[in-house]
file upload21.cif (mmCIF, C-alpha atoms)
data_protein
#
loop_
_atom_site.label_atom_id
_atom_site.label_comp_id
_atom_site.auth_asym_id
_atom_site.auth_seq_id
_atom_site.Cartn_x
_atom_site.Cartn_y
_atom_site.Cartn_z
CA MET A 1451 1.68 -27.87 -47.40
CA VAL A 1452 0.72 -30.04 -44.45
CA GLU A 1453 1.14 -33.77 -44.93
CA TYR A 1454 -1.30 -36.35 -43.57
CA ALA A 1455 0.43 -39.72 -43.84
CA LYS A 1456 -2.08 -42.42 -44.73
CA ASP A 1457 -0.18 -45.40 -43.36
CA ARG A 1458 -0.92 -44.55 -39.72
CA ARG A 1459 -3.63 -43.29 -37.39
CA TYR A 1460 -4.03 -40.25 -35.19
CA LEU A 1461 -5.32 -38.86 -31.91
CA PRO A 1462 -7.29 -35.60 -32.12
CA THR A 1463 -4.48 -34.15 -29.99
CA HIS A 1464 -2.12 -34.63 -32.98
CA GLU A 1465 -0.11 -37.73 -32.13
CA TRP A 1466 0.35 -40.43 -34.76
CA VAL A 1467 0.92 -44.16 -34.39
CA LYS A 1468 2.09 -46.64 -36.99
CA LEU A 1469 1.86 -50.39 -36.47
CA GLU A 1470 4.85 -52.55 -37.38
CA GLY A 1471 4.01 -56.16 -36.63
CA GLU A 1472 3.47 -56.47 -32.88
CA GLU A 1473 5.22 -53.19 -32.24
CA ALA A 1474 4.29 -49.59 -32.96
CA ILE A 1475 6.03 -46.26 -33.34
CA ALA A 1476 4.60 -42.88 -32.44
CA GLY A 1477 5.31 -39.19 -32.80
CA ILE A 1478 3.52 -35.91 -33.45
CA SER A 1479 1.94 -34.97 -36.75
CA ASP A 1480 3.10 -32.60 -39.44
CA TYR A 1481 0.14 -30.36 -38.58
CA ALA A 1482 1.25 -30.30 -34.92
CA GLN A 1483 4.83 -29.37 -35.71
CA HIS A 1484 3.59 -26.55 -37.97
CA GLU A 1485 1.36 -25.27 -35.17
CA LEU A 1486 4.09 -25.47 -32.56
CA SER A 1487 6.81 -24.02 -34.83
CA ASP A 1488 10.48 -24.61 -33.94
CA VAL A 1489 10.86 -27.48 -31.50
CA VAL A 1490 13.74 -26.85 -29.11
CA TYR A 1491 13.48 -29.75 -26.71
CA VAL A 1492 11.72 -33.09 -26.34
CA GLU A 1493 11.46 -34.90 -23.03
CA LEU A 1494 10.86 -38.59 -23.61
CA PRO A 1495 9.94 -41.43 -21.23
CA GLU A 1496 12.24 -44.24 -20.19
CA VAL A 1497 12.38 -47.62 -21.84
CA GLY A 1498 10.26 -50.08 -19.87
CA GLU A 1499 7.68 -47.52 -18.71
CA THR A 1500 4.05 -48.31 -19.48
CA PHE A 1501 1.32 -45.84 -20.36
CA ALA A 1502 -2.40 -46.03 -20.92
CA GLN A 1503 -4.01 -44.59 -24.04
CA ASN A 1504 -4.35 -40.79 -23.78
CA GLU A 1505 -1.89 -40.63 -20.89
CA VAL A 1506 0.90 -38.03 -21.16
CA PHE A 1507 4.13 -39.79 -22.13
CA ALA A 1508 6.32 -36.89 -23.33
CA THR A 1509 6.63 -33.13 -23.36
CA VAL A 1510 7.66 -31.11 -26.38
CA GLU A 1511 8.90 -27.57 -26.04
CA SER A 1512 8.75 -25.25 -29.00
CA VAL A 1513 8.98 -21.48 -29.13
CA LYS A 1514 8.38 -21.35 -25.39
CA ALA A 1515 5.31 -23.55 -25.32
CA ALA A 1516 5.72 -26.70 -23.27
CA SER A 1517 3.10 -29.11 -24.61
CA ASP A 1518 1.95 -32.49 -23.40
CA VAL A 1519 2.18 -35.41 -25.80
CA TYR A 1520 -0.40 -38.18 -25.37
CA MET A 1521 -0.04 -41.92 -25.82
CA PRO A 1522 -2.03 -42.98 -28.89
CA MET A 1523 -2.41 -46.56 -27.61
CA SER A 1524 -1.69 -48.27 -24.31
CA GLY A 1525 1.64 -50.02 -24.17
CA GLU A 1526 5.20 -50.47 -22.93
CA ILE A 1527 8.05 -48.31 -24.20
CA LEU A 1528 10.61 -50.40 -26.09
CA ALA A 1529 12.86 -47.62 -27.42
CA ILE A 1530 13.06 -43.85 -27.60
CA ASN A 1531 14.49 -41.69 -30.36
CA GLU A 1532 17.74 -40.62 -28.77
CA ASP A 1533 18.60 -38.44 -31.78
CA LEU A 1534 16.00 -35.94 -30.55
CA GLU A 1535 18.17 -35.06 -27.57
CA ASP A 1536 20.76 -33.37 -29.77
CA SER A 1537 18.55 -32.69 -32.78
CA PRO A 1538 15.02 -31.76 -31.67
CA GLN A 1539 14.56 -29.99 -35.00
CA LEU A 1540 14.07 -33.45 -36.56
CA VAL A 1541 10.48 -33.16 -35.29
CA ASN A 1542 10.02 -30.17 -37.61
CA GLU A 1543 12.05 -31.52 -40.49
CA ASP A 1544 10.66 -35.04 -40.65
CA PRO A 1545 7.77 -35.56 -38.19
CA PHE A 1546 6.65 -38.87 -39.75
CA GLY A 1547 10.17 -40.24 -40.16
CA ARG A 1548 13.36 -39.30 -38.33
CA GLY A 1549 11.37 -37.20 -35.86
CA TRP A 1550 9.64 -40.26 -34.30
CA PHE A 1551 9.37 -40.23 -30.49
CA ILE A 1552 8.92 -43.80 -29.24
CA ARG A 1553 8.71 -47.44 -30.25
CA PHE A 1554 6.33 -49.36 -28.03
CA ARG A 1555 4.49 -52.67 -27.63
CA PRO A 1556 0.72 -52.07 -27.68
CA SER A 1557 -1.07 -53.90 -24.86
CA LYS A 1558 -4.53 -53.28 -26.33
CA PRO A 1559 -4.20 -53.59 -30.12
CA GLU A 1560 -7.93 -53.02 -30.52
CA GLU A 1561 -7.41 -49.37 -29.52
CA TYR A 1562 -6.00 -48.75 -33.00
CA ASP A 1563 -9.50 -49.00 -34.44
CA SER A 1564 -10.69 -46.12 -32.23
CA LEU A 1565 -8.14 -43.70 -33.71
CA LEU A 1566 -8.69 -41.28 -36.59
CA ASP A 1567 -7.58 -42.34 -40.05
CA ALA A 1568 -5.71 -39.78 -42.17
CA GLU A 1569 -8.87 -38.50 -43.82
CA ALA A 1570 -10.77 -37.98 -40.56
CA TYR A 1571 -7.71 -36.44 -38.95
CA GLU A 1572 -7.28 -34.01 -41.84
CA ARG A 1573 -10.92 -32.95 -41.43
CA HIS A 1574 -10.32 -32.46 -37.72
CA CYS A 1575 -7.27 -30.27 -38.39
CA ARG A 1576 -9.14 -28.17 -40.96
CA GLU A 1577 -11.90 -27.53 -38.43
CA GLU A 1578 -9.32 -26.59 -35.83
CA ALA A 1579 -7.59 -24.24 -38.27
CA GLU A 1580 -10.89 -22.58 -39.18
CA LYS A 1581 -11.34 -21.84 -35.50
CA GLY A 1582 -8.68 -19.19 -36.06
CA GLY A 1583 -5.06 -19.91 -36.84
CA MET B 552 -19.81 -26.70 -19.49
CA LEU B 553 -19.33 -23.67 -21.70
CA PHE B 554 -18.86 -20.30 -20.11
CA ALA B 555 -20.02 -17.28 -22.07
CA GLU B 556 -17.92 -14.90 -20.02
CA TRP B 557 -14.32 -14.81 -19.04
CA ARG B 558 -13.14 -13.95 -15.56
CA LEU B 559 -10.74 -11.20 -14.58
CA ILE B 560 -9.06 -11.69 -11.23
CA PHE B 561 -6.64 -9.49 -9.34
CA THR B 562 -4.92 -11.54 -6.67
CA GLY B 563 -2.40 -8.93 -5.55
CA ALA B 564 1.10 -9.73 -4.32
CA ALA B 565 2.12 -13.24 -3.28
CA ASP B 566 5.25 -15.34 -3.38
CA GLY B 567 6.25 -17.38 -6.40
CA TYR B 568 5.15 -20.71 -4.94
CA VAL B 569 1.64 -19.40 -4.33
CA ASN B 570 1.42 -17.74 -7.72
CA MET B 571 2.43 -20.88 -9.59
CA ALA B 572 0.12 -23.06 -7.46
CA ILE B 573 -2.86 -20.80 -8.24
CA ASP B 574 -2.14 -21.02 -11.96
CA GLU B 575 -2.07 -24.81 -11.91
CA ALA B 576 -5.24 -25.00 -9.81
CA THR B 577 -7.03 -22.76 -12.31
CA LEU B 578 -5.64 -24.76 -15.23
CA ILE B 579 -6.98 -28.01 -13.78
CA LEU B 580 -10.41 -26.55 -13.06
CA VAL B 581 -10.64 -24.85 -16.47
CA GLY B 582 -9.80 -28.24 -17.99
CA GLU B 583 -12.63 -29.83 -16.03
CA GLY B 584 -15.02 -27.05 -17.08
CA ARG B 585 -15.54 -26.03 -13.46
CA VAL B 586 -14.33 -22.44 -13.72
CA PRO B 587 -14.56 -19.97 -16.63
CA PRO B 588 -11.66 -18.94 -18.86
CA THR B 589 -9.52 -16.71 -16.70
CA VAL B 590 -7.21 -13.73 -16.88
CA ARG B 591 -5.38 -13.32 -13.57
CA ILE B 592 -3.21 -10.31 -12.81
CA TYR B 593 -0.83 -10.44 -9.89
CA SER B 594 2.52 -9.34 -8.50
CA TRP B 595 5.31 -10.78 -6.38
CA ASP B 596 5.86 -9.95 -2.72
CA THR B 597 9.43 -11.26 -2.59
CA PRO B 598 12.13 -11.59 -5.25
CA PHE B 599 11.70 -14.84 -7.15
CA CYS B 600 13.30 -16.51 -10.10
CA SER B 601 10.89 -18.71 -12.05
CA VAL B 602 12.50 -21.40 -14.17
CA GLY B 603 11.06 -23.02 -17.29
CA TYR B 604 9.23 -26.33 -17.07
CA LEU B 605 11.96 -28.23 -18.87
CA GLN B 606 14.90 -26.07 -17.86
CA ARG B 607 17.76 -28.02 -16.32
CA ILE B 608 18.92 -26.57 -12.99
CA SER B 609 19.41 -29.65 -10.82
CA HIS B 610 23.20 -29.38 -11.20
CA LEU B 611 22.99 -25.92 -9.55
CA LYS B 612 20.77 -27.07 -6.68
CA SER B 613 23.33 -26.63 -3.91
CA VAL B 614 24.08 -22.98 -4.76
CA LEU B 615 20.60 -21.90 -5.87
CA ALA B 616 18.81 -23.42 -2.89
CA GLN B 617 21.02 -21.35 -0.57
CA CYS B 618 20.66 -18.08 -2.47
CA SER B 619 19.65 -15.44 0.06
CA VAL B 620 18.28 -12.91 -2.46
CA TYR B 621 16.13 -14.96 -4.81
CA LYS B 622 13.99 -18.00 -4.23
CA TYR B 623 13.41 -20.36 -7.11
CA VAL B 624 10.19 -21.87 -8.38
CA ARG B 625 9.56 -24.06 -11.41
CA ARG B 626 6.79 -22.95 -13.78
CA LEU B 627 4.50 -25.14 -15.85
CA THR B 628 5.38 -23.05 -18.90
CA GLY B 629 8.43 -23.43 -21.11
CA GLY B 630 11.30 -21.07 -21.77
CA GLN B 631 14.12 -19.70 -19.70
CA ALA B 632 14.46 -18.52 -16.12
CA CYS B 633 13.02 -15.08 -15.41
CA LEU B 634 13.55 -12.78 -12.45
CA HIS B 635 10.51 -11.29 -10.74
CA ASN B 636 11.17 -8.38 -8.47
CA GLY B 637 8.40 -5.84 -8.37
CA ASP B 638 7.11 -6.79 -11.79
CA LEU B 639 3.51 -7.05 -12.86
CA SER B 640 2.51 -10.49 -14.07
CA TYR B 641 -0.51 -12.09 -15.65
CA SER B 642 -1.82 -15.51 -16.56
CA LEU B 643 -4.35 -16.32 -19.21
CA ILE B 644 -5.94 -19.73 -18.84
CA VAL B 645 -8.43 -20.99 -21.40
CA SER B 646 -9.55 -24.25 -22.93
CA MET B 647 -7.92 -24.87 -26.28
CA ALA B 648 -11.40 -25.63 -27.59
CA ASP B 649 -12.31 -21.99 -26.98
CA THR B 650 -12.83 -20.22 -30.26
CA LEU B 651 -11.47 -16.88 -29.15
CA LEU B 652 -7.77 -17.66 -29.34
CA PRO B 653 -5.90 -19.15 -32.30
CA SER B 654 -4.60 -22.67 -31.68
CA ASN B 655 -1.35 -21.76 -33.42
CA VAL B 656 1.30 -20.94 -30.84
CA LEU B 657 2.72 -17.87 -32.55
CA ALA B 658 -0.68 -16.44 -33.42
CA SER B 659 -1.88 -16.86 -29.84
CA TYR B 660 1.23 -15.09 -28.52
CA GLU B 661 0.54 -12.16 -30.80
CA ARG B 662 -3.12 -11.92 -29.81
CA ILE B 663 -2.37 -12.02 -26.09
CA SER B 664 0.57 -9.64 -26.41
CA ALA B 665 -1.82 -7.16 -28.02
CA GLY B 666 -3.54 -6.98 -24.62
CA VAL B 667 -0.26 -6.13 -22.92
CA ILE B 668 0.51 -3.50 -25.55
CA GLU B 669 -2.95 -1.96 -25.18
CA GLY B 670 -2.55 -1.90 -21.37
CA LEU B 671 0.80 -0.16 -21.70
CA ARG B 672 -0.73 2.31 -24.16
CA LEU B 673 -3.32 3.20 -21.55
CA LEU B 674 -0.43 3.95 -19.20
CA GLY B 675 1.07 6.24 -21.82
CA PHE B 676 3.71 3.94 -23.33
CA ASP B 677 4.22 3.19 -26.98
CA ALA B 678 5.01 -0.52 -26.84
CA ARG B 679 5.47 -2.92 -29.75
CA TYR B 680 5.19 -6.66 -30.17
CA ALA B 681 8.60 -8.35 -30.45
CA PRO B 682 7.86 -11.81 -31.89
CA PRO B 683 7.45 -14.41 -30.78
CA THR B 684 7.14 -13.90 -27.05
CA ASP B 685 8.14 -10.38 -26.05
CA VAL B 686 7.01 -6.77 -25.93
CA GLN B 687 9.40 -3.89 -26.31
CA ILE B 688 9.59 -0.13 -25.79
CA ASP B 689 12.16 1.77 -27.85
CA GLY B 690 13.91 -1.47 -28.74
CA HIS B 691 14.18 -2.64 -25.12
CA ILE B 692 12.44 -5.87 -24.12
CA ILE B 693 10.26 -4.96 -21.14
CA ALA B 694 7.87 -7.92 -21.08
CA THR B 695 8.05 -11.58 -21.93
CA SER B 696 5.78 -14.60 -21.84
CA ALA B 697 5.68 -18.37 -22.01
CA GLN B 698 3.07 -21.04 -22.60
CA ALA B 699 2.06 -24.52 -21.56
CA ARG B 700 -0.55 -26.66 -23.24
CA LYS B 701 -1.77 -29.27 -20.82
CA GLN B 702 -4.95 -31.26 -20.41
CA GLY B 703 -6.53 -29.44 -23.34
CA VAL B 704 -5.89 -26.09 -21.69
CA LEU B 705 -3.64 -23.20 -22.70
CA LEU B 706 -1.74 -21.55 -19.86
CA HIS B 707 -0.05 -18.34 -20.97
CA GLN B 708 2.10 -16.66 -18.32
CA GLY B 709 3.58 -13.23 -18.88
CA THR B 710 5.43 -10.62 -16.91
CA ILE B 711 6.18 -6.92 -17.31
CA ALA B 712 9.33 -5.55 -15.65
CA LEU B 713 8.45 -2.40 -13.75
CA LYS B 714 11.47 -2.04 -11.45
CA PRO B 715 15.14 -3.04 -11.75
CA CYS B 716 16.24 -6.40 -10.39
CA ALA B 717 18.66 -6.30 -7.50
CA ILE B 718 20.93 -9.06 -8.71
CA THR B 719 22.43 -10.28 -11.91
CA ASN B 720 24.65 -13.11 -10.71
CA LEU B 721 22.61 -16.29 -11.00
CA HIS B 722 25.45 -18.78 -10.73
CA GLY B 723 25.54 -19.48 -14.44
CA LEU B 724 21.81 -20.01 -14.82
CA SER B 725 20.52 -18.93 -18.23
CA CYS B 726 18.09 -16.12 -17.47
CA LEU B 727 16.06 -13.56 -19.42
CA ASN B 728 17.17 -10.00 -19.01
CA LEU B 729 14.23 -7.60 -19.16
CA THR B 730 14.64 -3.83 -19.11
CA PRO B 731 12.42 -2.36 -16.40
CA ILE B 732 10.07 0.38 -17.58
CA SER B 733 11.23 2.63 -14.74
CA GLU B 734 14.69 2.70 -16.33
CA LEU B 735 13.23 3.89 -19.61
CA VAL B 736 10.86 6.53 -18.28
CA GLY B 737 12.62 7.58 -15.10
CA GLY B 738 9.64 7.10 -12.80
CA GLU B 739 7.78 4.38 -10.99
CA ILE B 740 4.52 2.82 -12.11
CA ASP B 741 2.04 2.03 -9.42
CA ILE B 742 1.32 -1.73 -9.44
CA GLU B 743 -2.42 -1.29 -8.94
CA GLU B 744 -2.68 1.29 -11.67
CA GLY B 745 -0.70 -1.00 -13.94
CA ALA B 746 -2.97 -3.95 -13.08
CA ARG B 747 -6.11 -1.97 -13.93
CA ALA B 748 -4.64 -0.84 -17.25
CA LEU B 749 -3.56 -4.38 -18.10
CA GLY B 750 -7.05 -5.71 -17.38
CA MET B 751 -8.54 -3.05 -19.64
CA GLY B 752 -5.93 -3.83 -22.27
CA PHE B 753 -6.91 -7.51 -22.36
CA ARG B 754 -10.59 -6.62 -22.46
CA ARG B 755 -10.06 -4.44 -25.52
CA ALA B 756 -7.49 -6.50 -27.38
CA LEU B 757 -9.20 -9.85 -26.89
CA GLY B 758 -12.65 -8.40 -27.52
CA VAL B 759 -14.06 -10.41 -24.66
CA ASP B 760 -16.29 -9.56 -21.75
CA LEU B 761 -14.01 -9.92 -18.73
CA SER B 762 -16.13 -10.06 -15.60
CA PRO B 763 -14.39 -8.96 -12.41
CA SER B 764 -14.27 -12.02 -10.17
CA ILE B 765 -12.35 -13.79 -7.43
CA LEU B 766 -10.76 -17.19 -6.95
CA PHE B 767 -13.40 -19.78 -6.10
CA ALA B 768 -13.20 -21.73 -2.84
CA LYS B 769 -12.48 -24.99 -4.70
CA GLU B 770 -9.68 -23.21 -6.56
CA LYS B 771 -8.11 -21.95 -3.35
CA ARG B 772 -8.31 -25.42 -1.80
CA LEU B 773 -6.65 -27.01 -4.81
CA ALA B 774 -4.01 -24.25 -4.93
CA ARG B 775 -3.18 -24.81 -1.25
CA GLN B 776 -2.79 -28.52 -1.91
CA LEU B 777 -0.53 -27.92 -4.93
CA LEU B 778 1.47 -25.38 -2.93
CA ARG B 779 2.05 -27.86 -0.12
CA GLU B 780 2.62 -30.97 -2.19
CA LYS B 781 4.46 -29.53 -5.18
CA TYR B 782 5.55 -25.95 -5.51
CA VAL B 783 7.38 -25.40 -2.20
CA ARG B 784 9.17 -28.71 -2.58
CA PRO B 785 12.75 -28.80 -3.89
CA GLU B 786 11.82 -32.12 -5.53
CA TRP B 787 9.70 -30.12 -7.98
CA THR B 788 11.92 -27.06 -8.34
CA PHE B 789 15.08 -29.06 -8.92
CA ALA B 790 13.47 -32.04 -10.64
CA ARG B 791 15.46 -31.39 -13.81
#
call {"tool": "encode", "arguments": {"input": "upload21.cif", "output": "structure tokens"}}
result
Amino acid sequence: MVEYAKDRRYLPTHEWVKLEGEEAIAGISDYAQHELSDVVYVELPEVGETFAQNEVFATVESVKAASDVYMPMSGEILAINEDLEDSPQLVNEDPFGRGWFIRFRPSKPEEYDSLLDAEAYERHCREEAEKGG
Amino acid sequence: MLFAEWRLIFTGAADGYVNMAIDEATLILVGEGRVPPTVRIYSWDTPFCSVGYLQRISHLKSVLAQCSVYKYVRRLTGGQACLHNGDLSYSLIVSMADTLLPSNVLASYERISAGVIEGLRLLGFDARYAPPTDVQIDGHIIATSAQARKQGVLLHQGTIALKPCAITNLHGLSCLNLTPISELVGGEIDIEEGARALGMGFRRALGVDLSPSILFAKEKRLARQLLREKYVRPEWTFAR
């Protein structure tokens, strides 16, 4: 059963972002980790780097697919989830929790409004799945 | 732009730098909608070892860069290093919005591998899918594949071992060990015959109209630029 957490928003490319005061955390969705299957490696950015919305900020490698991960909102990286280096499977086990990728400071908070809410994102995933999963 | 037809291209033998540069050029142009979805079939004119996009080899740079038998090139796709010496390779490059292939990684591997299996069947071999990424004959892995998903585009690279590799010592580098078909059947497969069968195999298994085509001029220009600025450079090969 795929989970669509309602306390955050999504890119159509399956990244989530959750606001926490003036900071935000981001990762990939439960749907994405199901699609990718076992994650074996995550390459994360460095603290202090800045990215624009929709810019590639990480790469996740699953069963031999190296996939780009896109920044859900523009901002500066404040912290990365170092646990993923030794335990990339956290992305599969707990994509909305311990499998988070980055904590960042959004530079354009208004971008949040342009993202999909859980309901719209779930619709998007269902359409994608109907395409042929 | 939506393309109703896919393209089938045979680019013959080239070195690993050129082959990887062509794949990225096609990926970029497919992403921009400027070339159709593409199946490219090719071979290698010199022994190469391709390493996975995220594979760490920088600590071996001094020994690998001086290896006189194999040259090294970094792929865009994931997975382990793979030796290419007289093998037949293919790339399938298609927008992830295309409805023909499943978006699920494992399902897409299976669908594309069916093309390889059908091509091998046309050559007289009874091959089977070995999930998630391989194809086997009589329990021996003879073909493998890897994927990248970038810029909304799926790049699936695969290779079929036709002849034995000359070397096994890779200075501790983790490398896939494919069994060449020639070892199993005791004869050699002609590369061109294999390429034709593989093209037919994809046509049948994917159920798509593959129009024989060539690389476009803009694709060649971009590939030359990527070759010069990226793939021949140790900064790319040994970046990780």
call {"tool": "closest_residue", "arguments": {"input": "upload21.cif", "among": "A:Thr1509, A:Asn1542, A:Gln1503, A:Gln1483", "to": "Pro1559 of chain A", "atoms": "only C-alpha atoms"}}
result
A:Gln1503
call {"tool": "closest_atom_pairs", "arguments": {"input": "upload21.cif", "of": "chain A", "to": "chain B", "cutoff": "9 Å", "atoms": "all atoms listed in the file", "output": "JSON lines"}}
result
{"residue": "A:Thr1463", "atom": "CA", "partner": "B:Gly703", "partner_atom": "CA", "distance": 8.4}
{"residue": "A:His1484", "atom": "CA", "partner": "B:Asn655", "partner_atom": "CA", "distance": 8.2}
{"residue": "A:Glu1485", "atom": "CA", "partner": "B:Asn655", "partner_atom": "CA", "distance": 4.8}
{"residue": "A:Leu1486", "atom": "CA", "partner": "B:Val656", "partner_atom": "CA", "distance": 5.6}
{"residue": "A:Ser1487", "atom": "CA", "partner": "B:Val656", "partner_atom": "CA", "distance": 7.5}
{"residue": "A:Tyr1491", "atom": "CA", "partner": "B:Leu605", "partner_atom": "CA", "distance": 8.1}
{"residue": "A:Val1492", "atom": "CA", "partner": "B:Leu605", "partner_atom": "CA", "distance": 8.9}
{"residue": "A:Glu1493", "atom": "CA", "partner": "B:Leu605", "partner_atom": "CA", "distance": 7.9}
{"residue": "A:Val1506", "atom": "CA", "partner": "B:Gln702", "partner_atom": "CA", "distance": 9.0}
{"residue": "A:Thr1509", "atom": "CA", "partner": "B:Leu605", "partner_atom": "CA", "distance": 8.5}
{"residue": "A:Glu1511", "atom": "CA", "partner": "B:Gly629", "partner_atom": "CA", "distance": 6.5}
{"residue": "A:Ser1512", "atom": "CA", "partner": "B:Gly629", "partner_atom": "CA", "distance": 8.1}
{"residue": "A:Val1513", "atom": "CA", "partner": "B:Pro683", "partner_atom": "CA", "distance": 7.4}
{"residue": "A:Lys1514", "atom": "CA", "partner": "B:Gly630", "partner_atom": "CA", "distance": 4.7}
{"residue": "A:Ala1515", "atom": "CA", "partner": "B:Gln698", "partner_atom": "CA", "distance": 4.3}
{"residue": "A:Ala1516", "atom": "CA", "partner": "B:Ala699", "partner_atom": "CA", "distance": 4.6}
{"residue": "A:Ser1517", "atom": "CA", "partner": "B:Arg700", "partner_atom": "CA", "distance": 4.6}
{"residue": "A:Asp1518", "atom": "CA", "partner": "B:Lys701", "partner_atom": "CA", "distance": 5.6}
{"residue": "A:Val1519", "atom": "CA", "partner": "B:Lys701", "partner_atom": "CA", "distance": 8.8}
{"residue": "A:Glu1578", "atom": "CA", "partner": "B:Ser654", "partner_atom": "CA", "distance": 7.4}
{"residue": "A:Ala1579", "atom": "CA", "partner": "B:Ser654", "partner_atom": "CA", "distance": 7.4}
{"residue": "A:Lys1581", "atom": "CA", "partner": "B:Thr650", "partner_atom": "CA", "distance": 5.7}
{"residue": "A:Gly1582", "atom": "CA", "partner": "B:Pro653", "partner_atom": "CA", "distance": 4.7}
{"residue": "A:Gly1583", "atom": "CA", "partner": "B:Pro653", "partner_atom": "CA", "distance": 4.7}
call {"tool": "write_last_selection", "arguments": {"input": "upload21.cif", "atoms": "C-alpha atoms", "output": "PDB file, keeping the file's coordinate frame"}}
result
ATOM      1  CA  THR A1463      -4.480 -34.150 -29.990  1.00  0.00           C
ATOM      2  CA  HIS A1484       3.590 -26.550 -37.970  1.00  0.00           C
ATOM      3  CA  GLU A1485       1.360 -25.270 -35.170  1.00  0.00           C
ATOM      4  CA  LEU A1486       4.090 -25.470 -32.560  1.00  0.00           C
ATOM      5  CA  SER A1487       6.810 -24.020 -34.830  1.00  0.00           C
ATOM      6  CA  TYR A1491      13.480 -29.750 -26.710  1.00  0.00           C
ATOM      7  CA  VAL A1492      11.720 -33.090 -26.340  1.00  0.00           C
ATOM      8  CA  GLU A1493      11.460 -34.900 -23.030  1.00  0.00           C
ATOM      9  CA  VAL A1506       0.900 -38.030 -21.160  1.00  0.00           C
ATOM     10  CA  THR A1509       6.630 -33.130 -23.360  1.00  0.00           C
ATOM     11  CA  GLU A1511       8.900 -27.570 -26.040  1.00  0.00           C
ATOM     12  CA  SER A1512       8.750 -25.250 -29.000  1.00  0.00           C
ATOM     13  CA  VAL A1513       8.980 -21.480 -29.130  1.00  0.00           C
ATOM     14  CA  LYS A1514       8.380 -21.350 -25.390  1.00  0.00           C
ATOM     15  CA  ALA A1515       5.310 -23.550 -25.320  1.00  0.00           C
ATOM     16  CA  ALA A1516       5.720 -26.700 -23.270  1.00  0.00           C
ATOM     17  CA  SER A1517       3.100 -29.110 -24.610  1.00  0.00           C
ATOM     18  CA  ASP A1518       1.950 -32.490 -23.400  1.00  0.00           C
ATOM     19  CA  VAL A1519       2.180 -35.410 -25.800  1.00  0.00           C
ATOM     20  CA  GLU A1578      -9.320 -26.590 -35.830  1.00  0.00           C
ATOM     21  CA  ALA A1579      -7.590 -24.240 -38.270  1.00  0.00           C
ATOM     22  CA  LYS A1581     -11.340 -21.840 -35.500  1.00  0.00           C
ATOM     23  CA  GLY A1582      -8.680 -19.190 -36.060  1.00  0.00           C
ATOM     24  CA  GLY A1583      -5.060 -19.910 -36.840  1.00  0.00           C
TER      25      GLY A1583
END
call {"tool": "residues_around", "arguments": {"input": "upload21.cif", "residues": "Phe767 of chain B", "least_positions_apart": "3", "cutoff": "12 Å", "atoms": "all atoms listed in the file", "output": "list in words"}}
result
Arg558, Ile560, Thr562, Ile573, Ala576, Thr577, Leu580, Val581, Arg585, Val586, Pro587, Thr589, Ser764, Glu770, Lys771, Arg772, Leu773 and Ala774 of chain B
call {"tool": "write_last_selection", "arguments": {"input": "upload21.cif", "atoms": "C-alpha atoms", "output": "PDB file, keeping the file's coordinate frame"}}
result
ATOM      1  CA  ARG B 558     -13.140 -13.950 -15.560  1.00  0.00           C
ATOM      2  CA  ILE B 560      -9.060 -11.690 -11.230  1.00  0.00           C
ATOM      3  CA  THR B 562      -4.920 -11.540  -6.670  1.00  0.00           C
ATOM      4  CA  ILE B 573      -2.860 -20.800  -8.240  1.00  0.00           C
ATOM      5  CA  ALA B 576      -5.240 -25.000  -9.810  1.00  0.00           C
ATOM      6  CA  THR B 577      -7.030 -22.760 -12.310  1.00  0.00           C
ATOM      7  CA  LEU B 580     -10.410 -26.550 -13.060  1.00  0.00           C
ATOM      8  CA  VAL B 581     -10.640 -24.850 -16.470  1.00  0.00           C
ATOM      9  CA  ARG B 585     -15.540 -26.030 -13.460  1.00  0.00           C
ATOM     10  CA  VAL B 586     -14.330 -22.440 -13.720  1.00  0.00           C
ATOM     11  CA  PRO B 587     -14.560 -19.970 -16.630  1.00  0.00           C
ATOM     12  CA  THR B 589      -9.520 -16.710 -16.700  1.00  0.00           C
ATOM     13  CA  SER B 764     -14.270 -12.020 -10.170  1.00  0.00           C
ATOM     14  CA  GLU B 770      -9.680 -23.210  -6.560  1.00  0.00           C
ATOM     15  CA  LYS B 771      -8.110 -21.950  -3.350  1.00  0.00           C
ATOM     16  CA  ARG B 772      -8.310 -25.420  -1.800  1.00  0.00           C
ATOM     17  CA  LEU B 773      -6.650 -27.010  -4.810  1.00  0.00           C
ATOM     18  CA  ALA B 774      -4.010 -24.250  -4.930  1.00  0.00           C
TER      19      ALA B 774
END
call {"tool": "axis_aligned_box", "arguments": {"input": "upload21.cif", "around": "segment 612-624 of chain B", "padding_each_side": "6 Å", "output": "lines of an AutoDock Vina configuration file"}}
result
center_x = 17.1
center_y = -20.0
center_z = -4.2
size_x = 25.9
size_y = 26.2
size_z = 20.4
call {"tool": "closest_residue", "arguments": {"input": "upload21.cif", "among": "A:Glu1526, A:Glu1561, A:Glu1473, A:Asp1480", "to": "Gly1498 of chain A", "atoms": "all atoms listed in the file"}}
result
A:Glu1526
call {"tool": "decode", "arguments": {"input": "upload21.cif", "residues": "segment 1524-1535 of chain A", "atoms": "C-alpha atoms", "output": "compact mmCIF listing (two decimals), in the first residue's frame"}}
result
# COMPACT_ATOMS: atom_id res chain seq x y z
CA SER A 1524 15.02 26.75 -4.41
CA GLY A 1525 17.30 26.98 -1.43
CA GLU A 1526 20.57 26.42 0.41
CA ILE A 1527 21.50 23.03 1.84
CA LEU A 1528 21.75 23.16 5.63
CA ALA A 1529 22.25 19.45 6.37
CA ILE A 1530 22.27 16.10 4.64
CA ASN A 1531 21.15 12.74 5.98
CA GLU A 1532 24.49 11.11 6.63
CA ASP A 1533 22.81 7.87 7.72
CA LEU A 1534 22.04 7.18 4.06
CA GLU A 1535 25.72 6.62 3.34
